[in-house]
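**Student:** mmCIF, C-alpha atoms, file structure_1.cif:
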```
data_entry
#
loop_
_atom_site.label_atom_id
_atom_site.label_comp_id
_atom_site.auth_asym_id
_atom_site.auth_seq_id
_atom_site.Cartn_x
_atom_site.Cartn_y
_atom_site.Cartn_z
CA MET A 1 -13.60 -5.56 -5.52
CA ILE A 2 -12.12 -8.71 -3.96
CA ALA A 3 -12.25 -7.11 -0.53
CA THR A 4 -15.93 -6.28 -1.02
CA ILE A 5 -16.67 -9.83 -2.18
CA LEU A 6 -14.96 -11.27 0.90
CA LEU A 7 -16.71 -8.78 3.18
CA SER A 8 -20.12 -9.59 1.68
CA PHE A 9 -19.44 -13.32 1.89
CA GLY A 10 -18.50 -13.10 5.57
CA VAL A 11 -21.44 -10.88 6.55
CA ILE A 12 -24.08 -12.98 4.77
CA PHE A 13 -22.61 -16.33 5.80
CA LEU A 14 -22.55 -15.33 9.48
CA ALA A 15 -26.03 -13.80 9.24
CA GLU A 16 -27.37 -17.04 7.75
CA LEU A 17 -26.01 -19.25 10.54
CA GLY A 18 -29.00 -20.31 12.62
CA ASP A 19 -31.36 -18.21 10.48
CA LYS A 20 -34.67 -19.64 9.29
CA SER A 21 -33.29 -20.00 5.78
CA GLN A 22 -30.55 -22.34 6.98
CA LEU A 23 -33.09 -24.33 8.98
CA MET A 24 -35.23 -24.54 5.85
CA ALA A 25 -32.24 -25.87 3.91
CA LEU A 26 -31.72 -28.55 6.55
CA THR A 27 -35.42 -29.44 6.45
CA PHE A 28 -35.50 -29.67 2.67
CA ALA A 29 -32.35 -31.81 2.72
CA LEU A 30 -34.16 -34.33 4.93
CA ARG A 31 -36.86 -34.70 2.29
CA TYR A 32 -35.34 -34.09 -1.14
CA ARG A 33 -32.14 -34.93 -3.00
CA TRP A 34 -29.24 -32.77 -1.85
CA TRP A 35 -28.36 -31.49 -5.31
CA VAL A 36 -31.97 -30.39 -5.93
CA VAL A 37 -31.95 -28.40 -2.69
CA LEU A 38 -28.56 -26.85 -3.40
CA ALA A 39 -29.58 -25.92 -6.94
CA GLY A 40 -32.79 -24.33 -5.68
CA ILE A 41 -30.91 -22.36 -3.03
CA SER A 42 -28.41 -21.17 -5.65
CA VAL A 43 -31.10 -19.93 -8.04
CA ALA A 44 -33.03 -18.22 -5.26
CA SER A 45 -29.83 -16.64 -3.92
CA LEU A 46 -28.93 -15.25 -7.33
CA ALA A 47 -32.33 -13.61 -7.69
CA VAL A 48 -32.77 -12.31 -4.13
CA ASN A 49 -29.28 -10.89 -3.80
CA LEU A 50 -29.52 -9.24 -7.21
CA ILE A 51 -32.65 -7.47 -5.99
CA ALA A 52 -30.94 -6.53 -2.71
CA ALA A 53 -27.81 -5.23 -4.40
CA GLY A 54 -29.85 -3.31 -6.96
CA VAL A 55 -32.14 -1.77 -4.35
CA GLY A 56 -29.23 -0.81 -2.10
CA HIS A 57 -27.07 0.64 -4.87
CA PHE A 58 -29.61 2.36 -7.10
CA LEU A 59 -32.54 3.15 -4.82
CA GLY A 60 -31.31 2.94 -1.25
CA THR A 61 -34.79 1.89 -0.08
CA ALA A 62 -36.30 -1.31 1.28
CA LEU A 63 -39.02 -3.53 -0.10
CA PRO A 64 -42.45 -3.65 1.64
CA ALA A 65 -41.44 -6.10 4.35
CA GLY A 66 -44.93 -6.46 5.83
CA ALA A 67 -46.62 -7.59 2.63
CA ILE A 68 -43.71 -9.89 1.80
CA ALA A 69 -43.89 -11.44 5.28
CA VAL A 70 -47.55 -12.33 4.80
CA VAL A 71 -46.89 -13.97 1.44
CA THR A 72 -43.88 -15.80 2.87
CA ALA A 73 -45.84 -17.08 5.87
CA LEU A 74 -48.69 -18.30 3.66
CA THR A 75 -46.23 -20.08 1.38
CA LEU A 76 -44.47 -21.78 4.31
CA LEU A 77 -47.83 -22.71 5.80
CA ALA A 78 -48.93 -24.27 2.50
CA VAL A 79 -45.67 -26.24 2.19
CA GLY A 80 -46.02 -27.45 5.77
CA VAL A 81 -49.60 -28.60 5.33
CA TRP A 82 -48.72 -30.27 2.03
CA THR A 83 -45.80 -32.11 3.63
CA LEU A 84 -47.92 -33.27 6.58
CA ARG A 85 -50.69 -34.44 4.26
CA ASP A 86 -48.26 -36.56 2.26
CA ALA A 87 -46.60 -37.94 5.39
CA LEU A 88 -49.90 -38.89 7.01
CA GLY A 89 -51.49 -40.23 3.85
CA GLY A 90 -50.96 -43.84 4.94
CA ALA A 91 -53.35 -45.67 7.19
CA ASP A 92 -50.74 -46.34 9.88
CA ASP A 93 -47.06 -46.12 10.70
CA THR A 94 -46.32 -49.59 9.31
CA GLU A 95 -47.04 -48.53 5.74
CA ALA A 96 -44.27 -47.36 3.48
CA ALA A 97 -43.58 -43.65 3.57
CA PRO A 98 -45.03 -41.66 0.67
CA GLU A 99 -42.88 -41.07 -2.35
CA PRO A 100 -41.21 -37.64 -2.37
CA PRO A 101 -42.29 -35.09 -4.98
CA SER A 102 -40.74 -35.22 -8.41
CA THR A 103 -37.38 -33.52 -8.91
CA ARG A 104 -38.99 -30.69 -10.89
CA ASN A 105 -41.67 -30.02 -8.27
CA ALA A 106 -39.14 -30.19 -5.42
CA PHE A 107 -36.87 -27.76 -7.26
CA LEU A 108 -39.71 -25.25 -7.69
CA VAL A 109 -40.77 -25.63 -4.07
CA VAL A 110 -37.23 -24.92 -2.82
CA ILE A 111 -36.80 -21.89 -5.09
CA SER A 112 -40.13 -20.30 -4.18
CA ALA A 113 -39.78 -20.97 -0.44
CA PHE A 114 -36.24 -19.56 -0.28
CA MET A 115 -37.00 -16.51 -2.37
CA LEU A 116 -39.97 -15.58 -0.25
CA ALA A 117 -38.13 -16.33 3.00
CA GLU A 118 -35.17 -14.15 2.03
CA LEU A 119 -37.15 -11.20 0.67
CA GLY A 120 -37.28 -8.70 3.50
CA ASP A 121 -35.04 -10.86 5.71
CA ARG A 122 -32.10 -9.42 7.65
CA THR A 123 -29.62 -10.86 5.14
CA MET A 124 -31.31 -8.99 2.31
CA PHE A 125 -31.14 -5.73 4.24
CA ALA A 126 -27.49 -6.45 5.01
CA ALA A 127 -26.73 -6.96 1.33
CA ALA A 128 -28.63 -3.79 0.42
CA ALA A 129 -26.69 -1.81 3.04
CA LEU A 130 -23.37 -3.12 1.72
CA ALA A 131 -24.34 -2.28 -1.87
CA SER A 132 -25.22 1.30 -0.92
CA ASN A 133 -21.52 2.06 -0.31
CA ASN A 134 -19.75 -0.59 -2.41
CA SER A 135 -19.81 -2.14 -5.85
CA TRP A 136 -23.19 -3.79 -6.30
CA LEU A 137 -21.63 -6.51 -8.47
CA ALA A 138 -19.09 -7.43 -5.80
CA VAL A 139 -21.77 -7.41 -3.11
CA TRP A 140 -23.97 -9.63 -5.28
CA ILE A 141 -21.21 -12.17 -5.89
CA GLY A 142 -20.15 -12.28 -2.24
CA SER A 143 -23.70 -12.46 -0.92
CA VAL A 144 -24.65 -15.30 -3.24
CA ALA A 145 -21.52 -17.23 -2.27
CA GLY A 146 -22.18 -16.68 1.44
CA MET A 147 -25.81 -17.75 1.22
CA VAL A 148 -25.06 -20.86 -0.84
CA ALA A 149 -22.21 -21.81 1.53
CA ALA A 150 -24.51 -21.54 4.56
CA GLY A 151 -27.17 -23.55 2.76
CA GLY A 152 -24.63 -26.18 1.76
CA LEU A 153 -23.54 -26.54 5.39
CA ALA A 154 -27.15 -27.06 6.44
CA ILE A 155 -27.63 -29.65 3.67
CA LEU A 156 -24.63 -31.62 4.96
CA VAL A 157 -26.14 -31.68 8.44
CA GLY A 158 -29.52 -32.67 7.05
CA LYS A 159 -28.18 -35.54 4.95
CA PHE A 160 -26.16 -36.87 7.91
CA ALA A 161 -29.21 -36.72 10.17
CA GLY A 162 -31.42 -38.28 7.50
CA LYS A 163 -29.38 -41.49 7.57
CA HIS A 164 -30.30 -42.08 11.20
CA LEU A 165 -33.96 -41.06 11.22
CA PRO A 166 -37.13 -42.78 9.85
CA GLU A 167 -38.44 -41.26 6.64
CA ARG A 168 -42.01 -40.80 7.88
CA GLY A 169 -40.77 -39.10 11.04
CA ILE A 170 -38.60 -36.81 8.92
CA ALA A 171 -41.58 -35.82 6.78
CA ILE A 172 -43.77 -35.05 9.79
CA ALA A 173 -41.00 -33.06 11.49
CA SER A 174 -40.43 -31.15 8.24
CA GLY A 175 -44.08 -30.18 8.00
CA LEU A 176 -44.17 -29.00 11.61
CA LEU A 177 -40.96 -26.99 11.11
CA PHE A 178 -42.50 -25.14 8.18
CA LEU A 179 -45.48 -24.21 10.37
CA PHE A 180 -42.99 -22.87 12.93
CA PHE A 181 -41.22 -20.83 10.22
CA ALA A 182 -44.57 -19.37 9.13
CA GLY A 183 -45.41 -18.23 12.66
CA LYS A 184 -41.90 -16.86 13.27
CA THR A 185 -42.00 -14.88 10.02
CA LEU A 186 -45.24 -13.15 10.98
CA LEU A 187 -44.01 -12.41 14.50
CA ASP A 188 -40.74 -10.91 13.27
CA ALA A 189 -42.58 -8.70 10.79
CA PHE A 190 -45.56 -7.49 12.83
CA VAL A 191 -44.53 -7.93 16.48
CA PRO A 192 -40.87 -6.81 16.46
CA GLY A 193 -40.98 -6.13 20.19
CA VAL A 194 -41.27 -9.86 20.89
CA THR A 195 -37.81 -11.38 20.48
CA GLY A 196 -35.63 -14.18 21.75
CA VAL A 197 -37.23 -17.00 23.74
CA ALA A 198 -40.64 -15.32 23.78
CA SER A 199 -40.74 -15.11 19.99
CA ILE A 200 -39.69 -18.74 19.60
CA ALA A 201 -42.24 -19.89 22.19
CA LEU A 202 -45.09 -18.09 20.44
CA ALA A 203 -44.02 -19.38 17.02
CA LEU A 204 -43.95 -22.92 18.42
CA LEU A 205 -47.66 -22.72 19.17
CA ALA A 206 -48.52 -23.43 15.53
CA PRO A 207 -46.61 -26.74 15.20
CA VAL A 208 -47.41 -27.81 18.79
CA LEU A 209 -51.16 -27.33 18.38
CA THR A 210 -51.08 -28.90 14.93
CA GLY A 211 -49.05 -31.84 16.20
CA ALA A 212 -51.44 -32.37 19.11
CA GLY A 213 -54.38 -32.28 16.72
CA VAL A 214 -52.69 -34.78 14.39
CA LEU A 215 -51.97 -37.18 17.26
CA ALA A 216 -55.57 -36.95 18.49
CA TRP A 217 -56.88 -37.57 14.98
CA ARG A 218 -54.66 -40.60 14.44
CA ARG A 219 -55.58 -42.06 17.83
CA SER A 220 -59.28 -41.60 17.07
CA ARG A 221 -58.75 -43.19 13.66
CA ARG A 222 -57.02 -46.23 15.16
CA GLU A 223 -59.81 -46.66 17.72
CA ARG A 224 -62.45 -46.66 14.98
CA VAL A 225 -60.48 -49.28 13.07
CA ASP A 226 -59.97 -51.45 16.16
CA GLN A 227 -63.58 -51.37 17.35
CA PRO A 228 -65.05 -53.65 14.63
CA ALA A 229 -62.26 -56.15 15.22
CA LYS A 230 -62.96 -56.27 18.96
CA ALA A 231 -66.70 -56.72 18.32
CA LEU A 232 -66.10 -59.96 16.42
CA PRO A 233 -66.62 -63.19 18.48
#
```
Do you think you could lay out the structure here as structure tokens?
**Tutor:**
Amino acid sequence: MIATILLSFGVIFLAELGDKSQLMALTFALRYRWWVVLAGISVASLAVNLIAAGVGHFLGTALPAGAIAVVTALTLLAVGVWTLRDALGGADDTEAAPEPPSTRNAFLVVISAFMLAELGDRTMFAAAALASNNSWLAVWIGSVAGMVAAGGLAILVGKFAGKHLPERGIAIASGLLFLFFAGKTLLDAFVPGVTGVASIALALLAPVLTGAGVLAWRRSRRERVDQPAKALP
């Protein structure tokens, strides 16, 4: 059992490195308290890996990845738009950054985003494959530990980066990253032939176009505010 736990830990931890879930953990860590993010990741990991281990051991089949990908993308899109709306709520960059969501709301956001991101992800399939030939309990324990460890590493990076970056910039970057995750999720699910740099480039269209639109809107807004002042004698 210990060997299976260690094997599951290693497989999931390595699979999570650089995965969208780890990038999400880093993004959340820039916005919320670290312990809220870690707790949310832990709860989501317990649930997702229990499903994966159960499916792999008892059923040996996969969940409907396409439908899950759509729900996941919509959730990430909603979180991204919500984050951008809060970040851009002020009239200009000199105003104080908006207050972050309450601890309870942040905790629920992290749990739901991680659960949906991991359902149908490669790490879930890896856990299911391991459970098909090993003890599901050992696979569950090792997978949860590996996922939480990878998330904790991302949180450390996020908290270190957060000390050197402006809060409003962090919020805007977080929102754009979630839009990227939404596009990447749909591409991975429905256009599997597009991989590597091409997949990343296509997924970047969503945040790039949104960012360009936001900049144009803010510039237009500033010009409207400045015009009455210039018209005064």
**Student:** Check the smallest atom-to-atom distance from each of A:Leu209, A:Ala117, A:Ala25, A:Met147 to Leu176 in chain A using all atoms listed in the file, then report the winner.
**Tutor:**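 Under the stated criterion, the closest residue is A:Leu209.
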**Student:** If the PyMOL selection byres ((chain A and resi 157) around 12) is run on the structure shown, which residues does it catch, given as an mmCIF file with C-alpha atoms, in the frame of the given file?
**Tutor:**
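Output file result_22.cif is given in full below:
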```
data_model
loop_
_atom_site.group_PDB
_atom_site.id
_atom_site.type_symbol
_atom_site.label_atom_id
_atom_site.label_comp_id
_atom_site.auth_asym_id
_atom_site.auth_seq_id
_atom_site.Cartn_x
_atom_site.Cartn_y
_atom_site.Cartn_z
ATOM 1 C CA GLN A 22 -30.550 -22.340 6.980
ATOM 2 C CA LEU A 23 -33.090 -24.330 8.980
ATOM 3 C CA MET A 24 -35.230 -24.540 5.850
ATOM 4 C CA ALA A 25 -32.240 -25.870 3.910
ATOM 5 C CA LEU A 26 -31.720 -28.550 6.550
ATOM 6 C CA THR A 27 -35.420 -29.440 6.450
ATOM 7 C CA PHE A 28 -35.500 -29.670 2.670
ATOM 8 C CA ALA A 29 -32.350 -31.810 2.720
ATOM 9 C CA LEU A 30 -34.160 -34.330 4.930
ATOM 10 C CA TRP A 34 -29.240 -32.770 -1.850
ATOM 11 C CA ALA A 150 -24.510 -21.540 4.560
ATOM 12 C CA GLY A 151 -27.170 -23.550 2.760
ATOM 13 C CA GLY A 152 -24.630 -26.180 1.760
ATOM 14 C CA LEU A 153 -23.540 -26.540 5.390
ATOM 15 C CA ALA A 154 -27.150 -27.060 6.440
ATOM 16 C CA ILE A 155 -27.630 -29.650 3.670
ATOM 17 C CA LEU A 156 -24.630 -31.620 4.960
ATOM 18 C CA GLY A 158 -29.520 -32.670 7.050
ATOM 19 C CA LYS A 159 -28.180 -35.540 4.950
ATOM 20 C CA PHE A 160 -26.160 -36.870 7.910
ATOM 21 C CA ALA A 161 -29.210 -36.720 10.170
ATOM 22 C CA GLY A 162 -31.420 -38.280 7.500
ATOM 23 C CA LYS A 163 -29.380 -41.490 7.570
ATOM 24 C CA HIS A 164 -30.300 -42.080 11.200
#
```
**Student:** Excluding Ser42 in chain A and its own-chain neighbours fewer than 5 positions away, which residues fall within 9 Å of it when counting only C-alpha atoms? Please give them as a CSV table (one decimal) with C-alpha atoms, keeping the file's coordinate frame.
**Tutor:**
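Below is the file that was written, out-v4.csv:
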```csv
chain,number,residue,atom,x,y,z
A,37,VAL,CA,-32.0,-28.4,-2.7
A,47,ALA,CA,-32.3,-13.6,-7.7
A,111,ILE,CA,-36.8,-21.9,-5.1
A,144,VAL,CA,-24.6,-15.3,-3.2
A,145,ALA,CA,-21.5,-17.2,-2.3
A,147,MET,CA,-25.8,-17.8,1.2
A,148,VAL,CA,-25.1,-20.9,-0.8
A,151,GLY,CA,-27.2,-23.6,2.8
```
**Student:** Set the distance at 12 Å and use all atoms listed in the file: which residues neighbour Val191 in chain A once local chain neighbours fewer than 6 positions away are removed? I'd like the list as a ChimeraX atom specification.
**Tutor:** /A:66,69,183-185,198-199,202-203
**Student:** Find the residue from A:Phe190, A:Trp217, A:Phe178, A:Phe125 that sits nearest to Gly56 in chain A; use all atoms listed in the file when measuring.
**Tutor:**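 Closest to Gly56 in chain A of all the choices is A:Phe125.
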**Student:** Which of these residues is nearest to Pro207 in chain A, using only C-alpha atoms: A:Leu17, A:Ala189, A:Met115, A:Leu177?
**Tutor:** A:Leu177
**Student:** Between CA of Ser143 in chain A and CA of Asp19 in chain A, what is the distance in Å, rounded to a tenth?
**Tutor:**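 CA of Asp19 in chain A lies at a distance of 14.9 Å from CA of Ser143 in chain A.
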**Student:** One decimal, Å: what's the distance from CA of Val110 in chain A over to CA of Ile5 in chain A, could you say?
**Tutor:**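 Going from CA of Val110 in chain A over to CA of Ile5 in chain A covers 25.5 Å.
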**Student:** Which residue, A:Ala127, A:Gly10, A:Gly175, A:Leu38, has the smallest gap to Ala78 in chain A when you use only C-alpha atoms?
**Tutor:**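 With only C-alpha atoms as the atom set, the closest residue is A:Gly175.
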**Student:** With a distance cut-off of 10 Å and all atoms listed in the file, select the neighbouring residues of Ala171 in chain A, excluding the residue or stretch itself and same-chain residues fewer than 2 positions from it, and output the selection as a list in words.
**Tutor:**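 So the residues in contact are Thr27, Phe28, Leu30, Arg31, Gly80, Thr83, Leu84, Arg85, Asp86, Ala87, Leu88, Ala97, Pro98, Pro100, Pro166, Glu167, Arg168, Gly169, Ala173, Ser174, Gly175, Leu176 and Leu177 of chain A.
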**Student:** Go ahead and write the selection's residues with C-alpha atoms as a compact mmCIF listing (two decimals), in the frame of the given file.
**Tutor:**
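Final output, saved to again.txt:
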```
# COMPACT_ATOMS: atom_id res chain seq x y z
CA THR A 27 -35.42 -29.44 6.45
CA PHE A 28 -35.50 -29.67 2.67
CA LEU A 30 -34.16 -34.33 4.93
CA ARG A 31 -36.86 -34.70 2.29
CA GLY A 80 -46.02 -27.45 5.77
CA THR A 83 -45.80 -32.11 3.63
CA LEU A 84 -47.92 -33.27 6.58
CA ARG A 85 -50.69 -34.44 4.26
CA ASP A 86 -48.26 -36.56 2.26
CA ALA A 87 -46.60 -37.94 5.39
CA LEU A 88 -49.90 -38.89 7.01
CA ALA A 97 -43.58 -43.65 3.57
CA PRO A 98 -45.03 -41.66 0.67
CA PRO A 100 -41.21 -37.64 -2.37
CA PRO A 166 -37.13 -42.78 9.85
CA GLU A 167 -38.44 -41.26 6.64
CA ARG A 168 -42.01 -40.80 7.88
CA GLY A 169 -40.77 -39.10 11.04
CA ALA A 173 -41.00 -33.06 11.49
CA SER A 174 -40.43 -31.15 8.24
CA GLY A 175 -44.08 -30.18 8.00
CA LEU A 176 -44.17 -29.00 11.61
CA LEU A 177 -40.96 -26.99 11.11
```
**Student:** Rounded to one decimal, what separation in Å do you get between CA of Ala206 in chain A and CA of Glu118 in chain A?
**Tutor:**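 Computing it gives 21.1 Å between the two atoms.
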**Student:** From the options A:Leu116, A:Ala126, A:Ala106, A:Val208, which residue's atoms come nearest to Gly40 in chain A, counting all atoms listed in the file?
**Tutor:**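 Using all atoms listed in the file, Gly40 in chain A sits closest to A:Ala106.
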**Student:** If you apply the PyMOL selection byres ((chain A and resi 128) around 10) to this file, what residues do you get, as a PyMOL selection string?
**Tutor:** chain A and resi 49-62+122-127+129-134+136+139-140
